[in-house]
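Here's the structure we're looking at; comments come further down.
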Protein chains: 2
Amino acid sequence: MSVHLAKGTRDFLPADMLARRQVVDVVRDVFERFGFEPLDTPVFERIETLTGKYGEEGEKLIFKILRRGKGGETGACDQALRYDLTVPLARVLAMNAQLRMPFKRYQIAKVWRADRPQKGRFREFFQCDVDVAGTTSPLADAECLAVLYTALSELGFAEFTIRLNDRRILTDLAAAAGAEDSKSETSFLIALDKLDKVGRAGVDKELIGRGFEADAIEKAWKVLAPQENDDATLDYLASQLGERGQEGVSFLRQVRDAALALGVDSARLTVDPTLARGLDYYTGPVFEAVVQEPNVGSIAGGGRYDGLVGVFSKRDIPAVGVSLGLERIITVMKELGMLPEPAPVAEALVTVFAAEQTPASLKTASALRAAGVRTELYSGDGRFKNQFKHANARGYRWLVVVGPDEAEQGVVMLKDLASGTQEKLTATDAAAAIVSAR
Amino acid sequence: MSVHLAKGTRDFLPADMLARRQVVDVVRDVFERFGFEPLDTPVFERIETLTGKYGEEGEKLIFKILRRGKGGETGACDQALRYDLTVPLARVLAMNAQLRMPFKRYQIAKVWRADRPQKGRFREFFQCDVDVAGTTSPLADAECLAVLYTALSELGFAEFTIRLNDRRILTDLAAAAGAEDSKSETSFLIALDKLDKVGRAGVDKELIGRGFEADAIEKAWKVLAPQENDDATLDYLASQLGERGQEGVSFLRQVRDAALALGVDSARLTVDPTLARGLDYYTGPVFEAVVQEPNVGSIAGGGRYDGLVGVFSKRDIPAVGVSLGLERIITVMKELGMLPEPAPVAEALVTVFAAEQTPASLKTASALRAAGVRTELYSGDGRFKNQFKHANARGYRWLVVVGPDEAEQGVVMLKDLASGTQEKLTATDAAAAIVSAR
């Protein structure tokens, strides 16, 4: 008999859960400190809510749910698992006119993509998203950069870079390279997106293959010529681009200034006109966070999407957001030794011996719990030696022994497994000792 | 253009989320105080993991996921959304021989059933499960009763009853009524399960319709004759039932005694031989918690299932657990006014006026957040009056005004919207004032 997980999925056993919880708790705390409120959406949506949002390649990766009853026999699907948290948010915004704007929400939840599973890539994974909806102010974009910066900093990341660009700059850049419509703009961006991996020569080759002309490509590279700092980059871009690109430059300048005033370290933020994030729905700033080592790609990304809610509603609602990739963040933190060994849930094991002492053990467990001590009552059939081993293996600090003598005297023997010391106490005093030693 | 949720699903907007969080936090805290550790499993499983576990009716309610690529065109399904948290746990136990027993885990997560949606019944809903695996000790069953009792008590439930029975008692009872195999036993239990709804005459009618004979049914009712208290009920059952039933009675006695020693109030616990929980996989104690008003059916239920892991593995692992139905618990708490209005996430709104003062607003928000104050920076385009309204509408206690005067003086005006008082302070002092007034 063999039993398996569904392909590309994982169980999180308690040790994994407790390690991940340390990360999620930091992220959630930062999100809430920035005033974002929690939102939850169903794991599946009507299929038409998701189609047409993720491009041809993305759409293939959507998990579809068979229709119940009629139609199901022939493979008809009416629902699908969410692919990200942004499209469901846009649906929520479209359906809930009563929401007060600006609306700041976070969602830390699973999404599903039927990608080919490989090392570090799963079909079920967590995203941690914050979005500000209902405002076109660059302060909202800056808040997204600041919340991202703060979350990564508080997780302990020191060497990371938030790259910042604007879709309008990219559009003008693509136009400089000869892109005449949104399809060839997308084609240009797909090629440019590979710059980190294949270098300039590789991008050139791909652009030629995609029908761009060499001298036009050269023009685009001229626009991308590196400058000595962000201010110079923005000035230079403004001098090279058309009206739309200049609008992007001017907006980016405000976003960057506000982000710095919000405490983002200028060493961690860089304007990078080569940053080409793929999603079609971005309309303004786009950004991503990367670490140098280990090389896992970006650990977070986001941008402004002022047109997405309008796909669902007459009421168009501008929005900007950022998504932290929990799996990659955890991968990096593990590799860099940034994830401390989590403490076990319980602090104490109460022993159980013969039937005569069992009521005393139960009353002891009850007293410890009533005092807030996280307590396992031993419910296996091991003898004392095994119970001692059990407490050690689980990493509990305290063993609370209720043997014949203790039961008779109405006390417990409190053993500190860290120091090896022990003391006879009432259950109430043992609880107080455990709490005060935390 | 119209946009909808998938049938039977809900969004949880921030106010819902914050209200639900109050409940989940209490439940999780109790689970951990009893030493249960968190576990998470994928939302979907291989289809063969789920089939054959929930009976014919249950199986129809499983959401199936279309195969990607080959087979998908013709409606082939290889995966399905989980239907409960118990079967995935059994799979985890079967696949992870390294887990140290007894293994105590909790999982608070969504499950999906394609039931017909109706008032209070959804296709996506939360369950809160604790299970103890790897022991046949009645202490494990008693721990499940105690954790259930403690969770309901700490949520504020006063009038609830935990009904307790044993599958072995039910089996002998069904035999008394003439059930000769497991199929007719199931048939008997389905009829008995309706006692609360249709009364004794209704159950009789259904049993006759299911082919049971009147005088045999009468024998079963004799076994169920009410006794004056739980001890009398257990004694009487032992006198009426065969060896298997007596085994159940003796085990229940130990479970009940242990639960009371663990602090369960005897007024909240009752032995009820008419309790017939449907799931096939129960082998020992079964139990459920009910409230009198409002009548929503059981708000929690569980039991011992010593054979389920063996379906997946050569290594059979006994287990017992309880599942709290979060939706029904929340429904009852709302109707009884037990759910306090949740506080908003943020405590303070920092105002933003003209461009000249914006940097001061940003620095103020940053200082407040650095001091741990949950802060919204106003990013809309409203004037002061609107910003004031925004803070009030969101229920924030504090408005932090950074106007021209304040910006020039390097201070803020901290307005307490609860008392109407205000004070000029540095941002750091304002943060300290907010923190100390919590």
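Ligands are numbered from 1 in the order shown, residues from 1 within each chain, and chains are lettered A, B, ... in the order they appear in the structure tokens.
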
Arg438 of chain B environment, 10 Å, only C-alpha atoms, sequence neighbours closer than 5 positions dropped, as a VMD selection string: chain B and resid 347 397 433

Next, the residues of the selection above should be written as a PDB file, in the first residue's frame with N, CA and C atoms.
```
ATOM      1  N   GLU B 347      -4.294  52.372  15.425  1.00  0.00           N
ATOM      2  CA  GLU B 347      -4.689  53.176  16.571  1.00  0.00           C
ATOM      3  C   GLU B 347      -4.741  54.655  16.221  1.00  0.00           C
ATOM      4  N   ARG B 397      -8.609  55.793  17.843  1.00  0.00           N
ATOM      5  CA  ARG B 397      -8.717  56.681  19.006  1.00  0.00           C
ATOM      6  C   ARG B 397      -7.932  57.972  18.798  1.00  0.00           C
ATOM      7  N   ALA B 433       2.728  58.599  24.574  1.00  0.00           N
ATOM      8  CA  ALA B 433       1.417  58.857  25.159  1.00  0.00           C
ATOM      9  C   ALA B 433       0.392  57.835  24.665  1.00  0.00           C
TER      10      ALA B 433
END
```

message: Applying 12 Å and only C-alpha atoms, which residues near Leu207 of chain B remain after dropping the ones on its own chain fewer than 4 positions away? List them as a list in words.
response: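 These residues fall inside the cut-off: Ala174, Ala177, Gly178, Ala179, Ser184, Glu185, Thr186, Ser187, Phe188, Leu189, Ile190, Ala191, Leu192, Asp193, Lys194, Leu195, Arg200, Ala201, Gly202, Val203, Gly211, Phe212, Glu213, Ala214, Asp215, Ala216, Ile217, Glu218 and Ala220 of chain B.
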
- request: Looking only at strand (DSSP E) from DSSP on the backbone, list the matching residues of segment 46-284 of chain A as a PyMOL selection string.
  value: chain A and resi 46+64-66+77-81+103-112+124-133+160-166+269-271

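Comparing B:Val322, B:Leu368, B:Ala151, B:Ala225 by their smallest distance to chain A, the closest is B:Leu368 (using only C-alpha atoms).
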
message: I'd like the contact shell of Ile108 of chain B - 9 Å cut-off, only C-alpha atoms, skipping same-chain residues fewer than 4 positions apart - returned as a list in words.
response: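 Counting only the stated atoms, we get Val24, Arg28, Pro38, Leu39, Asp40, Leu85, Phe126, Gln127, Cys128, Asp129 and Val130 of chain B.
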
query: Near Gly403 of chain A, within 10 Å and counting only C-alpha atoms, which residues show up once chain neighbours fewer than 5 positions away are dropped, as number ranges by chain?
result: A: 351-354, 356-358, 360-361, 384, 408-409, 411-413

message: List as an MDAnalysis selection string the protein and nucleic acid residues near segment 115-125 of chain B, meaning an atom at most 8 Å away when only C-alpha atoms are counted, but skip any in the same chain fewer than 3 places from it.
response: (chainID A and resid 42) or (chainID B and resid 7:10 61 110:112 326:328 331)

For the residues in the current selection, export N, CA and C atoms as a PDB file, in the first residue's frame.
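The result, written out as again.pdb:
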```pdb
ATOM      1  N   PRO A  42     -12.215  33.459  -0.562  1.00  0.00           N
ATOM      2  CA  PRO A  42     -12.293  32.005  -0.754  1.00  0.00           C
ATOM      3  C   PRO A  42     -11.090  31.483  -1.551  1.00  0.00           C
TER       4      PRO A  42
ATOM      5  N   LYS B   7     -20.355  30.124  -5.633  1.00  0.00           N
ATOM      6  CA  LYS B   7     -21.519  29.753  -4.809  1.00  0.00           C
ATOM      7  C   LYS B   7     -21.107  29.146  -3.463  1.00  0.00           C
ATOM      8  N   GLY B   8     -21.740  29.640  -2.408  1.00  0.00           N
ATOM      9  CA  GLY B   8     -21.493  29.044  -1.096  1.00  0.00           C
ATOM     10  C   GLY B   8     -20.210  29.503  -0.434  1.00  0.00           C
ATOM     11  N   THR B   9     -19.524  30.484  -1.032  1.00  0.00           N
ATOM     12  CA  THR B   9     -18.295  30.991  -0.424  1.00  0.00           C
ATOM     13  C   THR B   9     -18.500  32.435   0.029  1.00  0.00           C
ATOM     14  N   ARG B  10     -17.615  32.904   0.865  1.00  0.00           N
ATOM     15  CA  ARG B  10     -17.718  34.246   1.447  1.00  0.00           C
ATOM     16  C   ARG B  10     -16.370  34.932   1.442  1.00  0.00           C
ATOM     17  N   LEU B  61     -20.007  15.083  -2.142  1.00  0.00           N
ATOM     18  CA  LEU B  61     -19.793  16.502  -1.827  1.00  0.00           C
ATOM     19  C   LEU B  61     -18.336  16.930  -1.987  1.00  0.00           C
ATOM     20  N   LYS B 110      -9.513  25.698   6.633  1.00  0.00           N
ATOM     21  CA  LYS B 110     -10.728  25.546   5.850  1.00  0.00           C
ATOM     22  C   LYS B 110     -10.885  24.127   5.316  1.00  0.00           C
ATOM     23  N   VAL B 111     -12.138  23.725   5.176  1.00  0.00           N
ATOM     24  CA  VAL B 111     -12.469  22.508   4.446  1.00  0.00           C
ATOM     25  C   VAL B 111     -13.601  22.861   3.480  1.00  0.00           C
ATOM     26  N   TRP B 112     -13.840  21.967   2.510  1.00  0.00           N
ATOM     27  CA  TRP B 112     -14.795  22.291   1.454  1.00  0.00           C
ATOM     28  C   TRP B 112     -15.760  21.146   1.218  1.00  0.00           C
ATOM     29  N   LEU B 326     -16.234  26.119  13.653  1.00  0.00           N
ATOM     30  CA  LEU B 326     -16.062  27.555  13.891  1.00  0.00           C
ATOM     31  C   LEU B 326     -17.288  28.358  13.440  1.00  0.00           C
ATOM     32  N   GLU B 327     -17.883  27.966  12.310  1.00  0.00           N
ATOM     33  CA  GLU B 327     -18.992  28.770  11.771  1.00  0.00           C
ATOM     34  C   GLU B 327     -20.181  28.759  12.724  1.00  0.00           C
ATOM     35  N   ARG B 328     -20.509  27.561  13.235  1.00  0.00           N
ATOM     36  CA  ARG B 328     -21.645  27.487  14.155  1.00  0.00           C
ATOM     37  C   ARG B 328     -21.332  28.191  15.464  1.00  0.00           C
ATOM     38  N   THR B 331     -21.785  31.795  14.795  1.00  0.00           N
ATOM     39  CA  THR B 331     -23.219  32.090  14.662  1.00  0.00           C
ATOM     40  C   THR B 331     -23.865  32.229  16.043  1.00  0.00           C
TER      41      THR B 331
END
```

- request: Would you please extract all helix (DSSP H, G or I) residues from segment 154-248 of chain A, as assigned by DSSP on the backbone, and give them as a VMD selection string?
  value: chain A and resid 154 to 155 167 to 176 182 to 192 195 to 209 214 to 223 230 to 240 243 to 248

- request: Report the distance between atom CA of Met95 of chain B and atom CA of Val311 of chain B in Å, rounded to one decimal place.
  value: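 Between atom CA of Met95 of chain B and atom CA of Val311 of chain B the gap is 11.8 Å.
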
task: Excluding segment 238-243 of chain B and residues on its chain fewer than 2 positions from it, collect all residues at most 10 Å away from it, counting only C-alpha atoms, and give them as an MDAnalysis selection string.
output: chainID B and resid 168:173 175:176 219:220 222:224 232:236 245:250

Got time to write the residues from that selection, C-alpha atoms, as a PDB file, in the first residue's frame?
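As written to disk, result13.pdb reads:
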```pdb
ATOM      1  CA  ARG B 168     -19.207  -0.300  21.073  1.00  0.00           C
ATOM      2  CA  ILE B 169     -22.361   0.525  23.037  1.00  0.00           C
ATOM      3  CA  LEU B 170     -24.021   1.582  19.796  1.00  0.00           C
ATOM      4  CA  THR B 171     -22.961  -1.603  18.060  1.00  0.00           C
ATOM      5  CA  ASP B 172     -24.475  -3.778  20.784  1.00  0.00           C
ATOM      6  CA  LEU B 173     -27.548  -1.573  20.828  1.00  0.00           C
ATOM      7  CA  ALA B 175     -27.555  -5.728  17.563  1.00  0.00           C
ATOM      8  CA  ALA B 176     -30.302  -5.666  20.193  1.00  0.00           C
ATOM      9  CA  LYS B 219     -35.566  -4.130  23.112  1.00  0.00           C
ATOM     10  CA  ALA B 220     -33.268  -1.328  22.034  1.00  0.00           C
ATOM     11  CA  LYS B 222     -35.308  -0.730  26.885  1.00  0.00           C
ATOM     12  CA  VAL B 223     -31.501  -0.483  26.792  1.00  0.00           C
ATOM     13  CA  LEU B 224     -31.859   3.267  26.288  1.00  0.00           C
ATOM     14  CA  ALA B 232     -26.637   4.805  36.991  1.00  0.00           C
ATOM     15  CA  THR B 233     -26.719   5.011  33.182  1.00  0.00           C
ATOM     16  CA  LEU B 234     -23.330   3.310  32.907  1.00  0.00           C
ATOM     17  CA  ASP B 235     -24.314   0.621  35.437  1.00  0.00           C
ATOM     18  CA  TYR B 236     -27.580  -0.014  33.662  1.00  0.00           C
ATOM     19  CA  GLY B 245     -20.893  -2.985  24.969  1.00  0.00           C
ATOM     20  CA  GLN B 246     -19.535  -3.609  28.451  1.00  0.00           C
ATOM     21  CA  GLU B 247     -16.054  -2.889  27.153  1.00  0.00           C
ATOM     22  CA  GLY B 248     -17.389   0.436  25.863  1.00  0.00           C
ATOM     23  CA  VAL B 249     -19.057   1.177  29.217  1.00  0.00           C
ATOM     24  CA  SER B 250     -15.885   0.426  31.140  1.00  0.00           C
TER      25      SER B 250
END
```

query: With only C-alpha atoms as the basis for distance, which of A:Leu336, A:Leu155, A:Ala15, A:Ala97 is at the shortest distance from chain B?
result: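 Of A:Leu336, A:Leu155, A:Ala15, A:Ala97, the one nearest chain B, counting only C-alpha atoms, is A:Ala15.
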
- prompt: Which neighbours of Ile162 of chain A fall inside 7 Å, counting only C-alpha atoms, when residues of the same chain fewer than 4 positions from it are skipped, and could you give them as a list in words?
  reply: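 In the requested form, the answer reads Arg268, Leu269, Thr270, Phe287, Glu288, Ala289 and Val290 of chain A.
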
- prompt: So how far away is atom CA of Glu423 of chain B from atom CA of Leu349 of chain B, in Å?
  reply: 15.3 Å

- prompt: Taking into account only C-alpha atoms, which residue in the set A:Arg210, A:Arg374, A:His4, A:His390 is nearest to chain B?
  reply: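 The answer is A:Arg374, which sits nearest to chain B.
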
task: Work out how far apart atom CA of Gln422 of chain B and atom CA of Leu139 of chain A are and give it in Å to one decimal.
output: 26.2 Å

query: So, counting only C-alpha atoms, which residue among A:Ile47, A:Ala90, A:Ala76, A:Ala348 is closest to Gly307 of chain A?
result: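 Ranking A:Ile47, A:Ala90, A:Ala76, A:Ala348 by distance to Gly307 of chain A, first place goes to A:Ala90.
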